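Have a look at input_29.pdb below; it lists PDB, C-alpha atoms and all ligand atoms.
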```
ATOM      1  CA  MET A  17       0.000   0.000   0.000
ATOM      2  CA  ALA A  18       2.738   2.424   1.003
ATOM      3  CA  GLY A  19       4.708   1.792  -2.184
ATOM      4  CA  MET A  20       1.713   2.306  -4.424
ATOM      5  CA  TYR A  21       0.712   5.409  -2.494
ATOM      6  CA  ALA A  22       4.224   6.886  -2.816
ATOM      7  CA  ALA A  23       4.323   6.062  -6.534
ATOM      8  CA  GLY A  24       0.904   7.647  -6.961
ATOM      9  CA  ILE A  25       1.970  10.835  -5.213
ATOM     10  CA  ALA A  26       5.132  11.032  -7.338
ATOM     11  CA  ALA A  27       3.121  10.515 -10.530
ATOM     12  CA  GLY A  28       0.377  12.960  -9.561
ATOM     13  CA  ALA A  29      -2.312  10.271  -9.316
ATOM     14  CA  ASN A  30      -5.113  10.107  -6.757
ATOM     15  CA  THR A  31      -6.183   6.475  -7.270
ATOM     16  CA  GLY A  32      -4.337   3.182  -6.987
ATOM     17  CA  VAL A  33      -6.002   0.206  -8.693
ATOM     18  CA  LEU A  34      -5.102  -3.349  -7.688
ATOM     19  CA  TYR A  35      -6.105  -6.024 -10.175
ATOM     20  CA  ILE A  36      -6.417  -9.434  -8.525
ATOM     21  CA  ARG A  37      -7.780 -12.610 -10.055
ATOM     22  CA  ARG A  38     -11.126 -13.638  -8.610
ATOM     23  CA  GLU A  39      -9.790 -17.181  -8.152
ATOM     24  CA  TYR A  40      -7.606 -15.870  -5.328
ATOM     25  CA  PRO A  41     -10.203 -14.873  -2.692
ATOM     26  CA  ALA A  42      -7.685 -15.038   0.161
ATOM     27  CA  ALA A  43      -5.460 -12.504  -1.623
ATOM     28  CA  ILE A  44      -8.447 -10.226  -2.202
ATOM     29  CA  ARG A  45      -9.446 -10.435   1.478
ATOM     30  CA  ARG A  46      -5.916  -9.662   2.662
ATOM     31  CA  VAL A  47      -5.437  -6.727   0.304
ATOM     32  CA  ARG A  48      -8.842  -5.349   1.293
ATOM     33  CA  ALA A  49      -7.816  -5.508   4.966
ATOM     34  CA  ALA A  50      -4.484  -3.832   4.156
ATOM     35  CA  ILE A  51      -6.314  -1.052   2.312
ATOM     36  CA  ALA A  52      -8.606  -0.462   5.304
ATOM     37  CA  GLU A  53      -5.584  -0.252   7.595
ATOM     38  CA  PHE A  54      -3.745   2.108   5.268
ATOM     39  CA  ASP A  55      -6.854   4.255   4.703
ATOM     40  CA  SER A  56      -6.991   5.014   8.423
ATOM     41  CA  LEU A  57      -3.403   6.323   8.191
ATOM     42  CA  LEU A  58      -4.326   8.423   5.163
ATOM     43  CA  ASP A  59      -7.235   9.894   7.148
ATOM     44  CA  GLN A  60      -4.728  11.094   9.718
ATOM     45  CA  ILE A  61      -2.668  12.941   7.129
ATOM     46  CA  ARG A  62      -5.855  13.912   5.255
ATOM     47  CA  HIS A  63      -4.430  13.017   1.911
ATOM     48  CA  ASN A  64      -6.734  12.485  -1.022
ATOM     49  CA  PHE A  65      -5.691   9.073  -2.340
ATOM     50  CA  SER A  66      -7.892   6.011  -2.666
ATOM     51  CA  PHE A  67      -7.364   2.361  -3.519
ATOM     52  CA  GLN A  68      -9.637   0.226  -5.608
ATOM     53  CA  ILE A  69      -9.621  -3.552  -6.095
ATOM     54  CA  ILE A  70     -10.704  -4.928  -9.467
ATOM     55  CA  GLU A  71     -11.426  -8.659  -9.432
ATOM     56  CA  GLY A  72     -10.254 -10.255 -12.673
ATOM     57  CA  ALA A  73     -12.477 -12.854 -14.298
ATOM     58  CA  GLY A  74      -9.703 -15.371 -14.874
ATOM     59  CA  SER A  75      -8.083 -14.356 -18.135
ATOM     60  CA  TYR A  76      -4.347 -15.103 -18.344
ATOM     61  CA  VAL A  77      -3.787 -12.400 -20.975
ATOM     62  CA  CYS A  78      -4.828  -9.769 -18.424
ATOM     63  CA  GLY A  79      -1.270 -10.082 -17.138
ATOM     64  CA  GLU A  80      -0.387  -8.123 -20.277
ATOM     65  CA  GLU A  81      -0.583  -4.475 -19.339
ATOM     66  CA  THR A  82      -2.877  -3.168 -22.063
ATOM     67  CA  ALA A  83      -5.289  -6.127 -21.878
ATOM     68  CA  LEU A  84      -5.392  -5.448 -18.142
ATOM     69  CA  LEU A  85      -6.311  -1.802 -18.785
ATOM     70  CA  ASN A  86      -9.136  -2.884 -21.102
ATOM     71  CA  SER A  87     -10.374  -5.329 -18.487
ATOM     72  CA  ILE A  88     -10.419  -2.637 -15.785
ATOM     73  CA  GLU A  89     -12.421  -0.424 -18.149
ATOM     74  CA  GLY A  90     -14.952  -3.227 -18.584
ATOM     75  CA  GLN A  91     -13.961  -3.950 -22.164
ATOM     76  CA  ARG A  92     -12.982  -7.248 -23.752
ATOM     77  CA  PRO A  93      -9.432  -7.966 -22.528
ATOM     78  CA  GLU A  94      -7.713  -7.526 -25.860
ATOM     79  CA  VAL A  95      -4.141  -6.342 -26.163
ATOM     80  CA  ARG A  96      -3.817  -2.751 -27.428
ATOM     81  CA  VAL A  97      -1.466  -1.790 -30.229
ATOM     82  CA  ARG A  98       1.427   0.345 -28.965
ATOM     83  CA  PRO A  99       2.363   3.172 -29.235
ATOM     84  CA  PRO A 100       0.779   4.966 -27.509
ATOM     85  CA  PHE A 101       2.058   3.393 -24.298
ATOM     86  CA  PRO A 102       0.197   3.394 -20.970
ATOM     87  CA  ALA A 103       2.603   5.990 -19.553
ATOM     88  CA  THR A 104       0.891   8.560 -21.786
ATOM     89  CA  HIS A 105      -2.412   6.871 -22.748
ATOM     90  CA  GLY A 106      -3.359   4.330 -20.102
ATOM     91  CA  LEU A 107      -6.459   3.791 -17.986
ATOM     92  CA  TRP A 108      -9.398   5.793 -19.386
ATOM     93  CA  GLY A 109      -6.898   7.373 -21.801
ATOM     94  CA  LYS A 110      -4.980   9.018 -18.949
ATOM     95  CA  PRO A 111      -1.240   8.681 -18.161
ATOM     96  CA  THR A 112      -0.911   5.529 -16.051
ATOM     97  CA  LEU A 113       1.891   4.080 -13.961
ATOM     98  CA  LEU A 114       1.500   0.342 -14.360
ATOM     99  CA  SER A 115       3.573  -2.276 -12.600
ATOM    100  CA  ASN A 116       3.275  -5.490 -10.666
ATOM    101  CA  VAL A 117       2.653  -5.630  -6.927
ATOM    102  CA  GLU A 118       6.136  -7.008  -6.246
ATOM    103  CA  THR A 119       7.676  -3.855  -7.716
ATOM    104  CA  PHE A 120       5.410  -1.514  -5.744
ATOM    105  CA  ALA A 121       6.161  -3.503  -2.588
ATOM    106  CA  ASN A 122       9.874  -2.712  -2.953
ATOM    107  CA  ILE A 123       9.300   1.035  -2.973
ATOM    108  CA  SER A 124       8.611   1.520   0.710
ATOM    109  CA  TRP A 125      11.826  -0.378   1.662
ATOM    110  CA  ILE A 126      13.798   1.744  -0.812
ATOM    111  CA  LEU A 127      12.318   4.952   0.614
ATOM    112  CA  GLN A 128      13.248   3.880   4.139
ATOM    113  CA  HIS A 129      16.768   2.599   3.403
ATOM    114  CA  GLY A 130      17.776   4.459   0.254
ATOM    115  CA  GLY A 131      18.445   3.451  -3.308
ATOM    116  CA  GLU A 132      22.104   2.691  -2.693
ATOM    117  CA  ALA A 133      21.271   0.168   0.007
ATOM    118  CA  TYR A 134      18.801  -1.528  -2.327
ATOM    119  CA  ALA A 135      21.275  -1.529  -5.217
ATOM    120  CA  ALA A 136      23.868  -3.161  -2.949
ATOM    121  CA  ILE A 137      21.657  -6.278  -2.808
ATOM    122  CA  GLY A 138      21.831  -8.651  -5.745
ATOM    123  CA  THR A 139      24.015  -8.775  -8.825
ATOM    124  CA  GLU A 140      25.336  -6.282 -11.346
ATOM    125  CA  GLU A 141      22.269  -6.575 -13.575
ATOM    126  CA  SER A 142      19.590  -7.751 -11.126
ATOM    127  CA  LYS A 143      19.164  -5.590  -8.054
ATOM    128  CA  GLY A 144      17.296  -6.334  -4.855
ATOM    129  CA  THR A 145      15.349  -9.454  -4.018
ATOM    130  CA  LYS A 146      13.064 -11.836  -5.885
ATOM    131  CA  LEU A 147       9.872 -13.523  -4.804
ATOM    132  CA  ILE A 148       9.725 -17.146  -5.914
ATOM    133  CA  SER A 149       6.695 -19.381  -5.618
ATOM    134  CA  LEU A 150       7.153 -23.154  -5.548
ATOM    135  CA  ASP A 151       4.288 -25.491  -6.351
ATOM    136  CA  SER A 152       2.915 -28.416  -4.381
ATOM    137  CA  GLN A 153       5.425 -30.913  -5.804
ATOM    138  CA  PHE A 154       8.147 -29.361  -3.633
ATOM    139  CA  ALA A 155       8.714 -30.794  -0.167
ATOM    140  CA  LYS A 156       8.196 -27.302   1.266
ATOM    141  CA  PRO A 157       6.042 -25.410  -1.234
ATOM    142  CA  GLY A 158       5.245 -21.738  -0.807
ATOM    143  CA  LEU A 159       6.480 -18.238  -1.455
ATOM    144  CA  TYR A 160      10.184 -17.534  -0.872
ATOM    145  CA  GLU A 161      12.111 -14.269  -1.045
ATOM    146  CA  VAL A 162      15.821 -14.429  -1.876
ATOM    147  CA  ASP A 163      18.480 -11.919  -2.866
ATOM    148  CA  PHE A 164      19.200 -11.852  -6.575
ATOM    149  CA  GLY A 165      22.331 -13.916  -7.141
ATOM    150  CA  TYR A 166      21.238 -16.646  -4.700
ATOM    151  CA  ARG A 167      22.313 -20.154  -5.699
ATOM    152  CA  PHE A 168      19.361 -21.775  -7.424
ATOM    153  CA  SER A 169      20.244 -25.261  -6.211
ATOM    154  CA  ASP A 170      20.318 -24.040  -2.587
ATOM    155  CA  LEU A 171      16.793 -22.726  -2.981
ATOM    156  CA  ILE A 172      15.466 -25.874  -4.639
ATOM    157  CA  LEU A 173      17.281 -28.565  -2.684
ATOM    158  CA  CYS A 174      17.997 -26.963   0.701
ATOM    159  CA  ASP A 175      15.380 -24.294   1.417
ATOM    160  CA  ALA A 176      12.529 -26.082  -0.346
ATOM    161  CA  GLY A 177      13.815 -29.518   0.681
ATOM    162  CA  GLY A 178      13.715 -31.022  -2.799
ATOM    163  CA  PHE A 179      10.596 -32.748  -4.094
ATOM    164  CA  LYS A 180       7.819 -35.036  -2.917
ATOM    165  CA  THR A 181       8.105 -37.083  -6.083
ATOM    166  CA  GLU A 182      10.765 -37.821  -8.692
ATOM    167  CA  VAL A 183      11.114 -34.750 -10.902
ATOM    168  CA  LYS A 184      12.829 -34.373 -14.281
ATOM    169  CA  ALA A 185      12.338 -30.696 -15.072
ATOM    170  CA  LEU A 186      11.193 -27.342 -13.782
ATOM    171  CA  GLN A 187       9.112 -24.751 -15.553
ATOM    172  CA  VAL A 188      10.239 -21.353 -14.337
ATOM    173  CA  GLY A 189       8.214 -18.193 -14.923
ATOM    174  CA  GLY A 190       4.645 -19.391 -15.390
ATOM    175  CA  PRO A 191       2.875 -21.144 -18.262
ATOM    176  CA  LEU A 192       5.186 -19.472 -20.787
ATOM    177  CA  GLY A 193       8.274 -20.001 -18.672
ATOM    178  CA  SER A 194      11.476 -21.826 -19.508
ATOM    179  CA  ILE A 195      11.711 -25.590 -19.180
ATOM    180  CA  LEU A 196      14.896 -26.550 -17.339
ATOM    181  CA  PRO A 197      16.244 -30.055 -16.923
ATOM    182  CA  LEU A 198      16.864 -30.663 -13.240
ATOM    183  CA  ALA A 199      20.603 -30.979 -13.897
ATOM    184  CA  ALA A 200      20.696 -27.288 -14.890
ATOM    185  CA  ILE A 201      19.965 -25.983 -11.410
ATOM    186  CA  ASP A 202      23.574 -26.475 -10.248
ATOM    187  CA  SER A 203      24.937 -23.892 -12.670
ATOM    188  CA  LEU A 204      22.265 -21.222 -12.182
ATOM    189  CA  THR A 205      21.828 -18.341  -9.792
ATOM    190  CA  VAL A 206      18.562 -16.508  -9.227
ATOM    191  CA  ASP A 207      19.047 -13.526 -11.518
ATOM    192  CA  PHE A 208      18.046 -12.550 -15.019
ATOM    193  CA  GLU A 209      21.531 -12.726 -16.556
ATOM    194  CA  SER A 210      22.317 -16.210 -15.265
ATOM    195  CA  PHE A 211      19.110 -17.662 -16.714
ATOM    196  CA  GLN A 212      19.446 -15.755 -19.971
ATOM    197  CA  GLY A 213      23.057 -16.835 -20.413
ATOM    198  CA  ALA A 214      21.982 -20.474 -20.181
ATOM    199  CA  GLY A 215      19.154 -20.055 -22.711
ATOM    200  CA  PHE A 216      16.371 -19.769 -20.146
ATOM    201  CA  ALA A 217      14.349 -16.903 -18.674
ATOM    202  CA  LEU A 218      13.658 -16.250 -15.000
ATOM    203  CA  GLY A 219      10.415 -14.362 -15.695
ATOM    204  CA  HIS A 220       8.257 -13.873 -12.614
ATOM    205  CA  ALA A 221       9.944 -16.923 -11.054
ATOM    206  CA  GLY A 222       6.872 -18.969 -10.270
ATOM    207  CA  ILE A 223       8.142 -22.555 -10.456
ATOM    208  CA  ILE A 224       6.311 -25.748 -11.367
ATOM    209  CA  ALA A 225       8.011 -29.122 -11.000
ATOM    210  CA  ILE A 226       7.424 -31.581 -13.854
ATOM    211  CA  PRO A 227       7.300 -35.173 -12.559
ATOM    212  CA  LYS A 228       9.532 -37.775 -14.165
ATOM    213  CA  HIS A 229       6.570 -39.864 -15.294
ATOM    214  CA  PHE A 230       4.817 -36.955 -17.061
ATOM    215  CA  PRO A 231       5.485 -37.151 -20.844
ATOM    216  CA  MET A 232       7.217 -34.021 -22.136
ATOM    217  CA  ILE A 233       5.198 -34.162 -25.360
ATOM    218  CA  ASP A 234       2.023 -33.867 -23.265
ATOM    219  CA  PHE A 235       3.497 -30.957 -21.344
ATOM    220  CA  MET A 236       4.280 -29.165 -24.623
ATOM    221  CA  HIS A 237       0.757 -29.847 -25.851
ATOM    222  CA  HIS A 238      -0.660 -28.516 -22.593
ATOM    223  CA  ILE A 239       1.233 -25.224 -23.089
ATOM    224  CA  PHE A 240      -0.069 -24.769 -26.630
ATOM    225  CA  GLU A 241      -3.603 -25.796 -25.667
ATOM    226  CA  TYR A 242      -3.632 -23.362 -22.755
ATOM    227  CA  MET A 243      -2.340 -20.497 -24.893
ATOM    228  CA  ALA A 244      -4.892 -21.247 -27.627
ATOM    229  CA  ASP A 245      -7.544 -20.988 -24.942
ATOM    230  CA  GLU A 246      -6.127 -17.776 -23.466
ATOM    231  CA  SER A 247      -5.191 -15.995 -26.723
ATOM    232  CA  CYS A 248      -7.100 -12.719 -26.961
ATOM    233  CA  GLY A 249      -7.458 -13.235 -30.720
ATOM    234  CA  LYS A 250      -6.229  -9.805 -31.719
ATOM    235  CA  CYS A 251      -3.394 -10.947 -33.989
ATOM    236  CA  THR A 252      -3.526 -13.777 -36.509
ATOM    237  CA  PRO A 253      -0.194 -15.542 -35.755
ATOM    238  CA  CYS A 254      -1.236 -16.185 -32.166
ATOM    239  CA  ARG A 255      -4.970 -16.712 -32.741
ATOM    240  CA  LEU A 256      -4.410 -19.382 -35.388
ATOM    241  CA  GLY A 257      -0.864 -20.442 -34.515
ATOM    242  CA  THR A 258      -1.555 -21.523 -30.944
ATOM    243  CA  ALA A 259      -4.541 -23.607 -32.073
ATOM    244  CA  LYS A 260      -2.443 -25.131 -34.862
ATOM    245  CA  GLY A 261       0.395 -25.978 -32.477
ATOM    246  CA  SER A 262      -2.022 -27.564 -30.040
ATOM    247  CA  HIS A 263      -3.513 -29.702 -32.820
ATOM    248  CA  LEU A 264      -0.094 -30.752 -34.166
ATOM    249  CA  LEU A 265       1.194 -31.822 -30.763
ATOM    250  CA  GLU A 266      -2.010 -33.640 -29.908
ATOM    251  CA  GLN A 267      -1.698 -35.676 -33.114
ATOM    252  CA  ALA A 268       2.032 -36.390 -32.746
ATOM    253  CA  SER A 269       2.971 -39.980 -32.016
ATOM    254  CA  ALA A 270       5.724 -42.454 -32.852
ATOM    255  CA  ASP A 271       3.522 -43.736 -35.712
ATOM    256  CA  ASN A 272       2.621 -40.252 -36.869
ATOM    257  CA  PRO A 273       5.645 -38.023 -36.149
ATOM    258  CA  LEU A 274       5.239 -34.275 -36.363
ATOM    259  CA  ASP A 275       6.986 -32.497 -39.250
ATOM    260  CA  SER A 276       9.924 -30.764 -37.505
ATOM    261  CA  GLU A 277      10.265 -28.162 -40.231
ATOM    262  CA  LEU A 278       6.597 -27.222 -40.031
ATOM    263  CA  PHE A 279       6.781 -26.998 -36.252
ATOM    264  CA  ASP A 280       9.903 -24.848 -36.461
ATOM    265  CA  GLU A 281       8.197 -22.498 -38.938
ATOM    266  CA  LEU A 282       5.244 -22.200 -36.581
ATOM    267  CA  LEU A 283       7.538 -21.228 -33.704
ATOM    268  CA  GLU A 284       9.296 -18.648 -35.878
ATOM    269  CA  LEU A 285       5.953 -17.194 -36.957
ATOM    270  CA  LEU A 286       4.750 -16.923 -33.367
ATOM    271  CA  GLU A 287       7.990 -15.312 -32.273
ATOM    272  CA  ALA A 288       8.205 -12.776 -35.093
ATOM    273  CA  GLY A 289       4.550 -12.016 -35.742
ATOM    274  CA  SER A 290       2.774 -11.970 -32.386
ATOM    275  CA  LEU A 291       1.615  -8.657 -31.038
ATOM    276  CA  CYS A 292       2.392  -9.475 -27.407
ATOM    277  CA  ALA A 293       4.383 -11.874 -25.277
ATOM    278  CA  LEU A 294       1.599 -14.448 -25.045
ATOM    279  CA  GLY A 295       2.067 -15.675 -28.604
ATOM    280  CA  GLY A 296       5.667 -14.511 -28.765
ATOM    281  CA  GLY A 297       6.559 -16.392 -25.587
ATOM    282  CA  VAL A 298       5.450 -19.871 -26.654
ATOM    283  CA  PRO A 299       8.643 -20.746 -28.599
ATOM    284  CA  LEU A 300      10.960 -20.496 -25.572
ATOM    285  CA  PRO A 301       9.577 -23.449 -23.566
ATOM    286  CA  MET A 302       9.156 -25.433 -26.794
ATOM    287  CA  ARG A 303      12.801 -24.969 -27.764
ATOM    288  CA  ASN A 304      13.980 -25.628 -24.215
ATOM    289  CA  ALA A 305      12.080 -28.910 -24.210
ATOM    290  CA  LEU A 306      13.354 -29.924 -27.654
ATOM    291  CA  THR A 307      16.923 -29.100 -26.707
ATOM    292  CA  HIS A 308      17.031 -30.695 -23.272
ATOM    293  CA  PHE A 309      14.644 -33.624 -23.755
ATOM    294  CA  TYR A 310      15.821 -34.674 -27.190
ATOM    295  CA  ASP A 311      15.914 -38.410 -26.447
ATOM    296  CA  GLU A 312      12.403 -38.431 -25.061
ATOM    297  CA  LEU A 313      10.920 -36.242 -27.820
ATOM    298  CA  SER A 314      12.738 -37.405 -30.952
ATOM    299  CA  PRO A 315      10.274 -40.273 -31.685
ATOM    300  CA  TYR A 316       7.479 -37.692 -31.959
ATOM    301  CA  PHE A 317       9.219 -35.538 -34.607
ATOM    302  CA  THR A 318      10.582 -36.188 -38.082
ATOM    303  CA  ALA A 319      14.336 -35.765 -38.511
ATOM    304  CA  LEU A 320      14.792 -34.000 -35.206
ATOM    305  CA  GLY A 321      18.500 -33.314 -34.951
ATOM    306  CA  ALA A 322      20.972 -31.099 -33.167
ATOM    307  CA  ASP A 323      21.636 -29.095 -36.339
ATOM    308  CA  SER A 324      18.201 -28.897 -37.859
ATOM    309  CA  GLY A 325      14.649 -28.032 -36.929
ATOM    310  CA  PRO A 326      13.655 -26.552 -33.610
ATOM    311  CA  CYS A 327      16.386 -28.404 -31.760
ATOM    312  CA  GLY A 328      19.054 -26.445 -33.571
ATOM    313  CA  LYS A 329      17.707 -23.111 -32.365
TER     314      LYS A 329
HETATM  315  S1  LIG B   1      -0.114 -12.514 -29.208
HETATM  316 FE1  LIG B   1      -2.070 -13.536 -28.700
HETATM  317  S2  LIG B   1      -2.682 -12.604 -26.774
HETATM  318 FE2  LIG B   1      -1.127 -11.247 -27.692
HETATM  319  S3  LIG B   1      -2.279  -9.770 -28.937
HETATM  320 FE3  LIG B   1      -1.815 -11.456 -30.293
HETATM  321  S4  LIG B   1      -3.653 -12.779 -30.147
HETATM  322 FE4  LIG B   1      -3.691 -11.425 -28.377
END
```
Have the structure of the file written as structure tokens, please.
Amino acid sequence: MAGMYAAGIAAGANTGVLYIRREYPAAIRRVRAAIAEFDSLLDQIRHNFSFQIIEGAGSYVCGEETALLNSIEGQRPEVRVRPPFPATHGLWGKPTLLSNVETFANISWILQHGGEAYAAIGTEESKGTKLISLDSQFAKPGLYEVDFGYRFSDLILCDAGGFKTEVKALQVGGPLGSILPLAAIDSLTVDFESFQGAGFALGHAGIIAIPKHFPMIDFMHHIFEYMADESCGKCTPCRLGTAKGSHLLEQASADNPLDSELFDELLELLEAGSLCALGGGVPLPMRNALTHFYDELSPYFTALGADSGPCGK
């Protein structure tokens, strides 16, 4: 609350809007209680600033900033073409400061301790701390906060205690996140440059463990199917491409292998032609899976090799 209030004052705004998915009623209750507590402080300083909670109806694409703005305005949550950007033409056409709650939450600490103290935490490129959520497959699931630069294997194996079941991979950063083989955790640290250097992306750092028995081809199909369902439909590469990818992967089998070249072209089209990161983000987990789970996936693709097709990317 304090961080959003401070950001609002700095930006000349008098309203802070928190967009929370309706499927998270506990989060809505807690934020509502925090607003009530903070409002009583604002009454004491008689400052004109109010908070508003908007309950999202469950659309994944509302994590994209302009679809989120449309949703708040009561419109269909379609991505807007940019420019103009929300900083000049945002909510109701007004300049809007738009960020995630984690970022706003850092502001009050920075105001209390100073920017230099904050910048002293973390790595050269990734400053401060990172919230990481671990799913129910971990021995100790939950939300963790670590300094950027923290050893990834310490988080996974020591702090979280490893896994409840045998795991072969992690998906890091949500449904469009990177797919890491478990062996990769030893060489990674929790920061953007470490993940990027290894061909992955840290993203928002929500982590799902993929059990050893779960077929990787089914996991890839699940990603495409989910994105086809969540695509806002604004641009053709994503609207048609995610449905096509879902269909291709659903049909793929050892008897009916998927054309690697066709699949590679689809990934290139999604990457180059999508209007936002929903369609443009699908290729990363696909290529991670094809690169790191080659032996498991090669029966499902024609001529899948290290130097050709998606595996060579
Ligand atoms: S990439 Fe998908 S979600 Fe994004 S604008 Fe295009 S259709 Fe909508």
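What the PyMOL selection byres (((chain A and resi 179) around 6) and not hetatm) matches in the given file is Gln153, Phe154, Ala155, Gly178, Lys180 and Thr181 of chain A.
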Inset, instruction - I need the residue set behind the PyMOL selection byres (((chain A and resi 287) around 8) and not hetatm) for this file; please write it as a PyMOL selection string. - result: chain A and resi 283-286+288-290+295-299
Inset, instruction - All residues within 9 Å of ligand LIG 1 (chain B) are required, counting only C-alpha atoms and all ligand atoms; please report them as JSON, numbers by chain. - result: {"A": [76, 77, 80, 83, 93, 94, 95, 96, 97, 243, 244, 246, 247, 248, 249, 250, 251, 252, 253, 254, 255, 256, 258, 286, 289, 290, 291, 292, 293, 294, 295, 296, 297]}
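Straight-line separation from atom CA of Ser56 of chain A to atom CA of Met17 of chain A: 12.0 Å.
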Legend entry - Given the PyMOL selection byres (((chain A and resi 166-176) around 9) and not hetatm), the residues it picks as number ranges by chain: A: 138, 150, 154-158, 160, 162-165, 177-179, 200-207
Legend entry - Gly28 of chain A surroundings by only C-alpha atoms, 12 Å radius, close-in-sequence under 5 positions cut, as a PyMOL selection string: chain A and resi 20-23+64-65+110-113
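Taking all atoms listed in the file into account, the residues near (-10.3, -0.8, -22.6), no farther than 12 Å, are Cys78, Glu81, Thr82, Ala83, Leu84, Leu85, Asn86, Ser87, Ile88, Glu89, Gly90, Gln91, Arg92, Pro93, Glu94, Val95, Arg96, Val97, Pro102, His105, Gly106, Leu107, Trp108, Gly109 and Lys110 of chain A.
Using only C-alpha atoms, the shortest contact distance between Gly79 of chain A and any of A:Pro231, A:Pro191, A:Gly24, A:Pro100 is found at A:Pro191.
Taking atom CA of Ile239 of chain A and atom CA of Ser314 of chain A as endpoints, the distance between them is 18.5 Å.
In this model, the gap between atom CA of Phe279 of chain A and atom CA of Pro197 of chain A comes to 21.7 Å.
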Legend entry - Surrounding residues of Phe208 of chain A excluding itself and chain neighbours under 3 positions, 10 Å, all atoms listed in the file, as a count of residues only: 14
Near Trp125 of chain A, counting all atoms listed in the file, which residues have an atom at most 12 Å away, once you skip same-chain residues fewer than 3 positions from it, shown as a PDB file with C-alpha atoms, keeping the file's coordinate frame?
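What ended up in part-v1.pdb:
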```pdb
ATOM      1  CA  MET A  17       0.000   0.000   0.000  1.00  0.00           C
ATOM      2  CA  ALA A  18       2.738   2.424   1.003  1.00  0.00           C
ATOM      3  CA  GLY A  19       4.708   1.792  -2.184  1.00  0.00           C
ATOM      4  CA  ALA A  22       4.224   6.886  -2.816  1.00  0.00           C
ATOM      5  CA  GLU A 118       6.136  -7.008  -6.246  1.00  0.00           C
ATOM      6  CA  THR A 119       7.676  -3.855  -7.716  1.00  0.00           C
ATOM      7  CA  PHE A 120       5.410  -1.514  -5.744  1.00  0.00           C
ATOM      8  CA  ALA A 121       6.161  -3.503  -2.588  1.00  0.00           C
ATOM      9  CA  ASN A 122       9.874  -2.712  -2.953  1.00  0.00           C
ATOM     10  CA  GLN A 128      13.248   3.880   4.139  1.00  0.00           C
ATOM     11  CA  HIS A 129      16.768   2.599   3.403  1.00  0.00           C
ATOM     12  CA  GLY A 130      17.776   4.459   0.254  1.00  0.00           C
ATOM     13  CA  GLY A 131      18.445   3.451  -3.308  1.00  0.00           C
ATOM     14  CA  GLU A 132      22.104   2.691  -2.693  1.00  0.00           C
ATOM     15  CA  ALA A 133      21.271   0.168   0.007  1.00  0.00           C
ATOM     16  CA  TYR A 134      18.801  -1.528  -2.327  1.00  0.00           C
ATOM     17  CA  ALA A 135      21.275  -1.529  -5.217  1.00  0.00           C
ATOM     18  CA  GLY A 144      17.296  -6.334  -4.855  1.00  0.00           C
ATOM     19  CA  THR A 145      15.349  -9.454  -4.018  1.00  0.00           C
TER      20      THR A 145
END
```
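Each of A:Asp275, A:Phe101, A:Ile44, A:His237 was checked against Ser262 of chain A using only C-alpha atoms; the smallest atom-to-atom distance is that of A:His237.
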Kindly provide, as AutoDock Vina command-line options, the centre and edge lengths (Å, one decimal) of an axis-aligned box around all atoms of segment 264-280 of chain A given in the file, with 5 Å on each side.
```
--center_x 4.1 --center_y -34.3 --center_z -35.1 --size_x 22.3 --size_y 28.9 --size_z 20.3
```
